[in-house]
file query.tsv (TSV, N, CA and C atoms and all ligand atoms)
chain	number	residue	atom	x	y	z
A	1	MET	N	-18.35	84.03	18.25
A	1	MET	CA	-18.52	84.50	16.87
A	1	MET	C	-17.26	84.27	16.03
A	2	LYS	N	-16.16	83.98	16.69
A	2	LYS	CA	-14.90	83.83	15.95
A	2	LYS	C	-14.86	82.45	15.26
A	3	LEU	N	-14.42	82.44	14.00
A	3	LEU	CA	-14.31	81.19	13.28
A	3	LEU	C	-13.04	80.46	13.69
A	4	LYS	N	-13.10	79.13	13.68
A	4	LYS	CA	-11.89	78.35	13.91
A	4	LYS	C	-11.00	78.48	12.67
A	5	LYS	N	-9.72	78.21	12.85
A	5	LYS	CA	-8.75	78.38	11.77
A	5	LYS	C	-9.16	77.59	10.51
A	6	ALA	N	-9.60	76.36	10.69
A	6	ALA	CA	-9.97	75.52	9.55
A	6	ALA	C	-11.22	76.07	8.86
A	7	GLU	N	-12.15	76.61	9.66
A	7	GLU	CA	-13.37	77.19	9.09
A	7	GLU	C	-13.02	78.43	8.26
A	8	ARG	N	-12.12	79.23	8.82
A	8	ARG	CA	-11.69	80.44	8.12
A	8	ARG	C	-11.03	80.09	6.78
A	9	GLU	N	-10.25	79.03	6.78
A	9	GLU	CA	-9.59	78.61	5.54
A	9	GLU	C	-10.64	78.14	4.51
A	10	LEU	N	-11.69	77.47	4.97
A	10	LEU	CA	-12.77	77.07	4.07
A	10	LEU	C	-13.42	78.29	3.42
A	11	VAL	N	-13.64	79.31	4.22
A	11	VAL	CA	-14.24	80.55	3.69
A	11	VAL	C	-13.29	81.19	2.68
A	12	ARG	N	-12.00	81.24	3.02
A	12	ARG	CA	-11.02	81.87	2.13
A	12	ARG	C	-10.96	81.16	0.77
A	13	GLN	N	-11.13	79.85	0.78
A	13	GLN	CA	-11.02	79.08	-0.47
A	13	GLN	C	-12.32	79.00	-1.27
A	14	LYS	N	-13.38	79.63	-0.74
A	14	LYS	CA	-14.69	79.53	-1.39
A	14	LYS	C	-14.63	79.96	-2.86
A	15	TYR	N	-13.85	80.99	-3.16
A	15	TYR	CA	-13.67	81.45	-4.55
A	15	TYR	C	-12.19	81.45	-4.90
A	16	ASP	N	-11.54	80.34	-4.58
A	16	ASP	CA	-10.12	80.12	-4.89
A	16	ASP	C	-9.23	81.26	-4.41
A	17	GLY	N	-9.54	81.77	-3.24
A	17	GLY	CA	-8.68	82.79	-2.65
A	17	GLY	C	-8.96	84.21	-3.11
A	18	HIS	N	-10.04	84.39	-3.87
A	18	HIS	CA	-10.40	85.73	-4.34
A	18	HIS	C	-11.47	86.35	-3.45
A	19	CYS	N	-11.49	87.66	-3.41
A	19	CYS	CA	-12.57	88.38	-2.75
A	19	CYS	C	-13.87	88.04	-3.49
A	20	ALA	N	-14.90	87.65	-2.74
A	20	ALA	CA	-16.17	87.25	-3.36
A	20	ALA	C	-16.83	88.41	-4.09
A	21	TYR	N	-16.46	89.62	-3.74
A	21	TYR	CA	-17.18	90.78	-4.28
A	21	TYR	C	-16.45	91.44	-5.45
A	22	CYS	N	-15.20	91.88	-5.23
A	22	CYS	CA	-14.48	92.58	-6.32
A	22	CYS	C	-13.57	91.63	-7.09
A	23	GLY	N	-13.23	90.49	-6.51
A	23	GLY	CA	-12.44	89.49	-7.23
A	23	GLY	C	-10.94	89.59	-7.04
A	24	VAL	N	-10.46	90.55	-6.25
A	24	VAL	CA	-9.03	90.68	-6.01
A	24	VAL	C	-8.52	89.42	-5.29
A	25	LEU	N	-7.29	89.03	-5.59
A	25	LEU	CA	-6.70	87.90	-4.89
A	25	LEU	C	-6.38	88.34	-3.46
A	26	LEU	N	-6.87	87.59	-2.49
A	26	LEU	CA	-6.73	88.00	-1.09
A	26	LEU	C	-5.32	87.76	-0.59
A	27	GLY	N	-4.81	88.70	0.18
A	27	GLY	CA	-3.52	88.54	0.82
A	27	GLY	C	-3.71	87.98	2.22
A	28	ASP	N	-2.78	88.28	3.09
A	28	ASP	CA	-2.84	87.77	4.46
A	28	ASP	C	-3.97	88.41	5.26
A	29	ARG	N	-4.23	89.66	4.96
A	29	ARG	CA	-5.28	90.36	5.70
A	29	ARG	C	-6.56	90.38	4.89
A	30	TRP	N	-7.51	89.59	5.31
A	30	TRP	CA	-8.80	89.56	4.62
A	30	TRP	C	-9.87	89.36	5.67
A	31	HIS	N	-11.11	89.59	5.29
A	31	HIS	CA	-12.21	89.53	6.25
A	31	HIS	C	-13.19	88.42	5.87
A	32	ALA	N	-13.72	87.75	6.87
A	32	ALA	CA	-14.83	86.82	6.65
A	32	ALA	C	-16.12	87.63	6.82
A	33	ASP	N	-16.77	87.90	5.69
A	33	ASP	CA	-17.95	88.77	5.69
A	33	ASP	C	-19.23	87.94	5.79
A	34	HIS	N	-20.23	88.51	6.45
A	34	HIS	CA	-21.56	87.89	6.45
A	34	HIS	C	-22.32	88.42	5.25
A	35	LEU	N	-22.63	87.54	4.28
A	35	LEU	CA	-23.38	87.94	3.10
A	35	LEU	C	-24.69	88.61	3.53
A	36	GLU	N	-25.48	87.91	4.31
A	36	GLU	CA	-26.63	88.53	4.96
A	36	GLU	C	-26.13	89.00	6.31
A	37	PRO	N	-26.23	90.29	6.57
A	37	PRO	CA	-25.62	90.82	7.80
A	37	PRO	C	-26.20	90.24	9.08
A	38	VAL	N	-25.36	90.12	10.08
A	38	VAL	CA	-25.81	89.65	11.39
A	38	VAL	C	-26.56	90.76	12.12
A	39	ILE	N	-26.02	91.94	11.97
A	39	ILE	CA	-26.71	93.10	12.56
A	39	ILE	C	-27.14	94.00	11.41
A	40	ARG	N	-28.41	94.33	11.39
A	40	ARG	CA	-28.96	95.10	10.31
A	40	ARG	C	-29.77	96.26	10.87
A	41	VAL	N	-29.62	97.40	10.25
A	41	VAL	CA	-30.39	98.56	10.71
A	41	VAL	C	-31.49	98.84	9.69
A	42	VAL	N	-32.73	98.70	10.14
A	42	VAL	CA	-33.88	98.99	9.29
A	42	VAL	C	-34.73	100.04	10.00
A	43	ASP	N	-34.94	101.14	9.33
A	43	ASP	CA	-35.72	102.24	9.93
A	43	ASP	C	-35.22	102.58	11.33
A	44	GLU	N	-33.92	102.71	11.44
A	44	GLU	CA	-33.28	103.08	12.69
A	44	GLU	C	-33.46	102.06	13.81
A	45	ARG	N	-34.04	100.93	13.48
A	45	ARG	CA	-34.12	99.87	14.48
A	45	ARG	C	-33.03	98.85	14.19
A	46	VAL	N	-32.35	98.46	15.22
A	46	VAL	CA	-31.27	97.49	15.06
A	46	VAL	C	-31.84	96.10	15.29
A	47	ALA	N	-31.68	95.25	14.27
A	47	ALA	CA	-32.16	93.89	14.40
A	47	ALA	C	-30.98	92.94	14.34
A	48	GLU	N	-30.92	92.02	15.24
A	48	GLU	CA	-29.86	91.03	15.23
A	48	GLU	C	-30.33	89.76	14.55
A	49	HIS	N	-29.54	89.29	13.63
A	49	HIS	CA	-29.85	88.03	12.94
A	49	HIS	C	-28.70	87.07	13.22
A	50	ILE	N	-28.66	86.60	14.44
A	50	ILE	CA	-27.55	85.77	14.88
A	50	ILE	C	-27.49	84.47	14.07
A	51	ASP	N	-28.64	84.03	13.53
A	51	ASP	CA	-28.68	82.82	12.71
A	51	ASP	C	-27.91	83.01	11.40
A	52	ASN	N	-27.59	84.26	11.06
A	52	ASN	CA	-26.78	84.50	9.85
A	52	ASN	C	-25.30	84.19	10.08
A	53	HIS	N	-24.93	83.88	11.31
A	53	HIS	CA	-23.54	83.54	11.57
A	53	HIS	C	-23.33	82.05	11.35
A	54	ASN	N	-23.24	81.65	10.08
A	54	ASN	CA	-22.95	80.25	9.74
A	54	ASN	C	-22.09	80.25	8.48
A	55	LEU	N	-21.36	79.16	8.28
A	55	LEU	CA	-20.38	79.10	7.19
A	55	LEU	C	-20.99	79.36	5.82
A	56	GLY	N	-22.23	78.88	5.61
A	56	GLY	CA	-22.89	79.07	4.32
A	56	GLY	C	-23.11	80.54	3.99
A	57	ASN	N	-23.20	81.35	5.02
A	57	ASN	CA	-23.45	82.79	4.83
A	57	ASN	C	-22.16	83.61	4.84
A	58	MET	N	-21.02	82.93	5.00
A	58	MET	CA	-19.76	83.66	5.10
A	58	MET	C	-19.11	83.80	3.73
A	59	MET	N	-18.61	84.97	3.46
A	59	MET	CA	-17.94	85.25	2.19
A	59	MET	C	-16.54	85.79	2.46
A	60	PRO	N	-15.56	85.33	1.65
A	60	PRO	CA	-14.23	85.92	1.78
A	60	PRO	C	-14.24	87.31	1.15
A	61	ALA	N	-13.73	88.29	1.87
A	61	ALA	CA	-13.78	89.67	1.36
A	61	ALA	C	-12.47	90.38	1.65
A	62	CYS	N	-12.05	91.23	0.71
A	62	CYS	CA	-10.92	92.11	0.98
A	62	CYS	C	-11.41	93.18	1.96
A	63	ALA	N	-10.48	93.82	2.64
A	63	ALA	CA	-10.88	94.80	3.65
A	63	ALA	C	-11.71	95.95	3.06
A	64	PRO	N	-11.31	96.54	1.92
A	64	PRO	CA	-12.12	97.64	1.39
A	64	PRO	C	-13.57	97.23	1.10
A	65	CYS	N	-13.79	96.05	0.53
A	65	CYS	CA	-15.16	95.60	0.25
A	65	CYS	C	-15.92	95.37	1.55
A	66	ASN	N	-15.30	94.70	2.50
A	66	ASN	CA	-15.98	94.40	3.76
A	66	ASN	C	-16.36	95.69	4.49
A	67	ILE	N	-15.46	96.64	4.51
A	67	ILE	CA	-15.72	97.89	5.22
A	67	ILE	C	-16.79	98.69	4.47
A	68	SER	N	-16.72	98.69	3.15
A	68	SER	CA	-17.72	99.41	2.35
A	68	SER	C	-19.11	98.80	2.52
A	69	LYS	N	-19.19	97.49	2.53
A	69	LYS	CA	-20.49	96.81	2.64
A	69	LYS	C	-21.10	97.02	4.02
A	70	GLY	N	-20.26	96.94	5.05
A	70	GLY	CA	-20.76	97.18	6.40
A	70	GLY	C	-21.98	96.34	6.74
A	71	ARG	N	-23.04	96.99	7.17
A	71	ARG	CA	-24.26	96.29	7.57
A	71	ARG	C	-25.31	96.24	6.46
A	72	GLN	N	-24.89	96.60	5.26
A	72	GLN	CA	-25.87	96.64	4.17
A	72	GLN	C	-26.16	95.25	3.64
A	73	THR	N	-27.37	95.08	3.12
A	73	THR	CA	-27.67	93.85	2.41
A	73	THR	C	-26.94	93.92	1.08
A	74	LEU	N	-26.84	92.79	0.39
A	74	LEU	CA	-26.13	92.76	-0.90
A	74	LEU	C	-26.76	93.74	-1.89
A	75	GLU	N	-28.09	93.74	-1.97
A	75	GLU	CA	-28.76	94.62	-2.94
A	75	GLU	C	-28.64	96.09	-2.56
A	76	GLY	N	-28.70	96.35	-1.26
A	76	GLY	CA	-28.51	97.73	-0.81
A	76	GLY	C	-27.12	98.22	-1.13
A	77	TRP	N	-26.14	97.33	-0.93
A	77	TRP	CA	-24.75	97.69	-1.20
A	77	TRP	C	-24.54	97.88	-2.69
A	78	ARG	N	-25.15	97.01	-3.51
A	78	ARG	CA	-25.03	97.11	-4.97
A	78	ARG	C	-25.52	98.49	-5.44
A	79	ASP	N	-26.67	98.91	-4.95
A	79	ASP	CA	-27.23	100.23	-5.31
A	79	ASP	C	-26.31	101.35	-4.86
A	80	TRP	N	-25.75	101.18	-3.68
A	80	TRP	CA	-24.87	102.20	-3.13
A	80	TRP	C	-23.62	102.37	-3.98
A	81	ILE	N	-23.02	101.23	-4.39
A	81	ILE	CA	-21.83	101.27	-5.26
A	81	ILE	C	-22.19	101.93	-6.59
A	82	ALA	N	-23.34	101.53	-7.15
A	82	ALA	CA	-23.77	102.11	-8.44
A	82	ALA	C	-23.91	103.62	-8.33
A	83	GLY	N	-24.24	104.11	-7.15
A	83	GLY	CA	-24.39	105.55	-6.94
A	83	GLY	C	-23.08	106.30	-6.80
A	84	HIS	N	-21.96	105.58	-6.74
A	84	HIS	CA	-20.67	106.25	-6.57
A	84	HIS	C	-20.36	107.20	-7.73
A	85	VAL	N	-20.80	106.84	-8.94
A	85	VAL	CA	-20.51	107.68	-10.10
A	85	VAL	C	-21.19	109.04	-9.95
A	86	SER	N	-22.45	109.04	-9.49
A	86	SER	CA	-23.10	110.35	-9.34
A	86	SER	C	-22.50	111.11	-8.16
A	87	SER	N	-22.02	110.41	-7.13
A	87	SER	CA	-21.32	111.09	-6.04
A	87	SER	C	-20.06	111.77	-6.57
A	88	LEU	N	-19.34	111.07	-7.44
A	88	LEU	CA	-18.13	111.67	-8.02
A	88	LEU	C	-18.48	112.92	-8.83
A	89	ASN	N	-19.56	112.82	-9.61
A	89	ASN	CA	-19.98	113.97	-10.41
A	89	ASN	C	-20.45	115.13	-9.55
A	90	ASN	N	-21.08	114.83	-8.43
A	90	ASN	CA	-21.63	115.89	-7.58
A	90	ASN	C	-20.59	116.53	-6.67
A	91	TYR	N	-19.64	115.75	-6.21
A	91	TYR	CA	-18.79	116.26	-5.13
A	91	TYR	C	-17.31	116.35	-5.44
A	92	HIS	N	-16.88	115.88	-6.60
A	92	HIS	CA	-15.44	115.84	-6.85
A	92	HIS	C	-15.06	116.62	-8.11
A	93	PRO	N	-14.66	117.89	-7.93
A	93	PRO	CA	-14.27	118.72	-9.08
A	93	PRO	C	-13.15	118.10	-9.92
A	94	ILE	N	-12.21	117.43	-9.28
A	94	ILE	CA	-11.11	116.81	-10.02
A	94	ILE	C	-11.65	115.73	-10.95
A	95	TYR	N	-12.63	114.97	-10.46
A	95	TYR	CA	-13.25	113.94	-11.30
A	95	TYR	C	-13.94	114.59	-12.49
A	96	ARG	N	-14.72	115.65	-12.20
A	96	ARG	CA	-15.45	116.34	-13.30
A	96	ARG	C	-14.48	116.89	-14.34
A	97	MET	N	-13.37	117.43	-13.86
A	97	MET	CA	-12.40	118.00	-14.80
A	97	MET	C	-11.78	116.90	-15.65
A	98	ALA	N	-11.37	115.82	-15.02
A	98	ALA	CA	-10.80	114.70	-15.77
A	98	ALA	C	-11.81	114.20	-16.80
A	99	LYS	N	-13.09	114.17	-16.40
A	99	LYS	CA	-14.13	113.73	-17.32
A	99	LYS	C	-14.28	114.70	-18.49
A	100	SER	N	-14.23	116.00	-18.22
A	100	SER	CA	-14.42	116.99	-19.29
A	100	SER	C	-13.26	116.96	-20.28
A	101	TYR	N	-12.12	116.44	-19.87
A	101	TYR	CA	-10.99	116.31	-20.78
A	101	TYR	C	-10.92	114.93	-21.43
A	102	GLY	N	-11.99	114.17	-21.24
A	102	GLY	CA	-12.08	112.88	-21.92
A	102	GLY	C	-11.24	111.78	-21.31
A	103	LEU	N	-10.78	112.00	-20.08
A	103	LEU	CA	-9.93	110.98	-19.45
A	103	LEU	C	-10.75	109.86	-18.82
A	104	ILE	N	-12.01	110.14	-18.59
A	104	ILE	CA	-12.88	109.17	-17.91
A	104	ILE	C	-14.11	108.92	-18.78
A	105	ALA	N	-14.41	107.66	-18.97
A	105	ALA	CA	-15.63	107.30	-19.69
A	105	ALA	C	-16.54	106.52	-18.74
A	106	GLU	N	-17.72	107.05	-18.49
A	106	GLU	CA	-18.67	106.34	-17.64
A	106	GLU	C	-19.40	105.31	-18.49
A	107	THR	N	-19.42	104.09	-18.01
A	107	THR	CA	-19.95	103.00	-18.83
A	107	THR	C	-21.39	102.64	-18.50
A	108	GLY	N	-21.86	102.98	-17.29
A	108	GLY	CA	-23.20	102.57	-16.90
A	108	GLY	C	-23.30	101.07	-16.69
A	109	THR	N	-22.14	100.42	-16.60
A	109	THR	CA	-22.10	98.98	-16.38
A	109	THR	C	-22.79	98.61	-15.07
A	110	PRO	N	-23.66	97.61	-15.08
A	110	PRO	CA	-24.28	97.20	-13.82
A	110	PRO	C	-23.23	96.64	-12.87
A	111	VAL	N	-23.48	96.77	-11.58
A	111	VAL	CA	-22.57	96.24	-10.57
A	111	VAL	C	-22.81	94.73	-10.45
A	112	VAL	N	-21.81	93.96	-10.87
A	112	VAL	CA	-21.89	92.50	-10.78
A	112	VAL	C	-20.74	92.04	-9.90
A	113	PHE	N	-21.06	91.29	-8.87
A	113	PHE	CA	-20.03	90.82	-7.95
A	113	PHE	C	-19.32	89.60	-8.52
A	114	TYR	N	-18.07	89.44	-8.09
A	114	TYR	CA	-17.24	88.33	-8.58
A	114	TYR	C	-17.92	86.98	-8.41
A	115	PHE	N	-18.50	86.74	-7.25
A	115	PHE	CA	-19.11	85.42	-7.02
A	115	PHE	C	-20.30	85.17	-7.96
A	116	GLU	N	-20.91	86.25	-8.44
A	116	GLU	CA	-22.03	86.08	-9.39
A	116	GLU	C	-21.52	85.71	-10.77
A	117	LYS	N	-20.27	86.10	-11.08
A	117	LYS	CA	-19.70	85.77	-12.38
A	117	LYS	C	-19.16	84.33	-12.42
A	118	VAL	N	-18.62	83.89	-11.28
A	118	VAL	CA	-18.01	82.56	-11.27
A	118	VAL	C	-18.99	81.46	-10.88
A	119	THR	N	-20.13	81.84	-10.29
A	119	THR	CA	-21.13	80.84	-9.92
A	119	THR	C	-22.22	80.84	-10.98
A	120	PRO	N	-22.41	79.72	-11.67
A	120	PRO	CA	-23.43	79.71	-12.72
A	120	PRO	C	-24.85	79.86	-12.16
A	201	ZN	ZN	-13.03	93.11	-2.63
call {"tool": "encode", "arguments": {"input": "query.tsv", "output": "structure tokens"}}
result
Amino acid sequence: MKLKKAERELVRQKYDGHCAYCGVLLGDRWHADHLEPVIRVVDERVAEHIDNHNLGNMMPACAPCNISKGRQTLEGWRDWIAGHVSSLNNYHPIYRMAKSYGLIAETGTPVVFYFEKVTP
């Protein structure tokens, strides 16, 4: 499952060295993510999609994005990220207080990944 050094470099350069998801410029520590997960959990059943382990399905990702995405599909992950604002409102008093003092403005902006912006 490990990529060869040259393959890894191809993945890293896919978006000119940026994380495919958030767009941060990748440093030395970055992850080769499977866009379509190799292992996926659906209804508590674990399905292996070993055919998803190919260069076309690999995305350069920063560690926080890769860890956050985990085994989720892109659309599942997108919905999950979009839900972070309501999680902040429900569970984080500091966030609510900052919001009540006008320090935070929620935009309702849809979650658009970096690769979707740079790929026509
Ligand atoms: Zn990222």
call {"tool": "closest_residue", "arguments": {"input": "query.tsv", "among": "A:Asn66, A:Asn57, A:Gln13, A:Ser87", "to": "ligand ZN 201 (chain A)", "atoms": "all atoms listed in the file"}}
result
A:Asn66
call {"tool": "closest_atom_pairs", "arguments": {"input": "query.tsv", "of": "chain A", "to": "ligand ZN 201 (chain A)", "cutoff": "8 Å", "atoms": "all atoms listed in the file", "output": "Markdown table"}}
result
| residue | atom | partner | partner_atom | distance |
| --- | --- | --- | --- | --- |
| A:His18 | C | A:ZN201 | ZN | 7.0 |
| A:Cys19 | CA | A:ZN201 | ZN | 4.8 |
| A:Ala20 | N | A:ZN201 | ZN | 5.8 |
| A:Tyr21 | C | A:ZN201 | ZN | 4.7 |
| A:Cys22 | N | A:ZN201 | ZN | 3.6 |
| A:Gly23 | N | A:ZN201 | ZN | 4.7 |
| A:Val24 | N | A:ZN201 | ZN | 5.1 |
| A:Leu25 | N | A:ZN201 | ZN | 7.6 |
| A:Pro60 | C | A:ZN201 | ZN | 7.0 |
| A:Ala61 | C | A:ZN201 | ZN | 5.1 |
| A:Cys62 | N | A:ZN201 | ZN | 4.0 |
| A:Ala63 | N | A:ZN201 | ZN | 5.9 |
| A:Pro64 | C | A:ZN201 | ZN | 5.6 |
| A:Cys65 | CA | A:ZN201 | ZN | 4.4 |
| A:Asn66 | N | A:ZN201 | ZN | 5.8 |
call {"tool": "select_by_dssp", "arguments": {"input": "query.tsv", "residues": "chain A", "states": "alpha helix (DSSP H)", "output": "ChimeraX atom specification"}}
result
/A:5-12,63-69,74-82,84-91,93-100,114-118
call {"tool": "atom_distance", "arguments": {"input": "query.tsv", "atom1": "atom C of Ala47 of chain A", "atom2": "atom N of Asp79 of chain A"}}
result
20.6 Å
call {"tool": "residues_near_point", "arguments": {"input": "query.tsv", "point": "(-25.5, 87.3, 8.3)", "cutoff": "8 Å", "atoms": "all atoms listed in the file", "output": "ChimeraX atom specification"}}
result
/A:33-39,49-54,57-58
call {"tool": "atom_distance", "arguments": {"input": "query.tsv", "atom1": "atom CA of Tyr91 of chain A", "atom2": "atom C of Glu106 of chain A"}}
result
17.3 Å
call {"tool": "build_atoms", "arguments": {"input": "query.tsv", "residues": "segment 65-86 of chain A", "atoms": "N, CA, C and O atoms", "output": "compact mmCIF listing (two decimals), in the frame of the given file"}}
result
# COMPACT_ATOMS: atom_id res chain seq x y z
N CYS A 65 -13.79 96.05 0.53
CA CYS A 65 -15.16 95.60 0.25
C CYS A 65 -15.92 95.37 1.55
O CYS A 65 -17.07 95.79 1.69
N ASN A 66 -15.30 94.70 2.50
CA ASN A 66 -15.98 94.40 3.76
C ASN A 66 -16.36 95.69 4.49
O ASN A 66 -17.48 95.81 4.99
N ILE A 67 -15.46 96.64 4.51
CA ILE A 67 -15.72 97.89 5.22
C ILE A 67 -16.79 98.69 4.47
O ILE A 67 -17.69 99.26 5.09
N SER A 68 -16.72 98.69 3.15
CA SER A 68 -17.72 99.41 2.35
C SER A 68 -19.11 98.80 2.52
O SER A 68 -20.10 99.51 2.67
N LYS A 69 -19.19 97.49 2.53
CA LYS A 69 -20.49 96.81 2.64
C LYS A 69 -21.10 97.02 4.02
O LYS A 69 -22.30 97.29 4.14
N GLY A 70 -20.26 96.94 5.05
CA GLY A 70 -20.76 97.18 6.40
C GLY A 70 -21.98 96.34 6.74
O GLY A 70 -21.96 95.12 6.57
N ARG A 71 -23.04 96.99 7.17
CA ARG A 71 -24.26 96.29 7.57
C ARG A 71 -25.31 96.24 6.46
O ARG A 71 -26.47 95.93 6.72
N GLN A 72 -24.89 96.60 5.26
CA GLN A 72 -25.87 96.64 4.17
C GLN A 72 -26.16 95.25 3.64
O GLN A 72 -25.32 94.36 3.66
N THR A 73 -27.37 95.08 3.12
CA THR A 73 -27.67 93.85 2.41
C THR A 73 -26.94 93.92 1.08
O THR A 73 -26.49 94.99 0.64
N LEU A 74 -26.84 92.79 0.39
CA LEU A 74 -26.13 92.76 -0.90
C LEU A 74 -26.76 93.74 -1.89
O LEU A 74 -26.07 94.50 -2.56
N GLU A 75 -28.09 93.74 -1.97
CA GLU A 75 -28.76 94.62 -2.94
C GLU A 75 -28.64 96.09 -2.56
O GLU A 75 -28.47 96.95 -3.42
N GLY A 76 -28.70 96.35 -1.26
CA GLY A 76 -28.51 97.73 -0.81
C GLY A 76 -27.12 98.22 -1.13
O GLY A 76 -26.92 99.36 -1.58
N TRP A 77 -26.14 97.33 -0.93
CA TRP A 77 -24.75 97.69 -1.20
C TRP A 77 -24.54 97.88 -2.69
O TRP A 77 -23.86 98.81 -3.13
N ARG A 78 -25.15 97.01 -3.51
CA ARG A 78 -25.03 97.11 -4.97
C ARG A 78 -25.52 98.49 -5.44
O ARG A 78 -24.86 99.16 -6.23
N ASP A 79 -26.67 98.91 -4.95
CA ASP A 79 -27.23 100.23 -5.31
C ASP A 79 -26.31 101.35 -4.86
O ASP A 79 -26.13 102.34 -5.57
N TRP A 80 -25.75 101.18 -3.68
CA TRP A 80 -24.87 102.20 -3.13
C TRP A 80 -23.62 102.37 -3.98
O TRP A 80 -23.20 103.47 -4.30
N ILE A 81 -23.02 101.23 -4.39
CA ILE A 81 -21.83 101.27 -5.26
C ILE A 81 -22.19 101.93 -6.59
O ILE A 81 -21.45 102.78 -7.09
N ALA A 82 -23.34 101.53 -7.15
CA ALA A 82 -23.77 102.11 -8.44
C ALA A 82 -23.91 103.62 -8.33
O ALA A 82 -23.68 104.34 -9.31
N GLY A 83 -24.24 104.11 -7.15
CA GLY A 83 -24.39 105.55 -6.94
C GLY A 83 -23.08 106.30 -6.80
O GLY A 83 -23.07 107.53 -6.76
N HIS A 84 -21.96 105.58 -6.74
CA HIS A 84 -20.67 106.25 -6.57
C HIS A 84 -20.36 107.20 -7.73
O HIS A 84 -19.73 108.23 -7.54
N VAL A 85 -20.80 106.84 -8.94
CA VAL A 85 -20.51 107.68 -10.10
C VAL A 85 -21.19 109.04 -9.95
O VAL A 85 -20.58 110.08 -10.20
N SER A 86 -22.45 109.04 -9.49
CA SER A 86 -23.10 110.35 -9.34
C SER A 86 -22.50 111.11 -8.16
O SER A 86 -22.42 112.34 -8.20
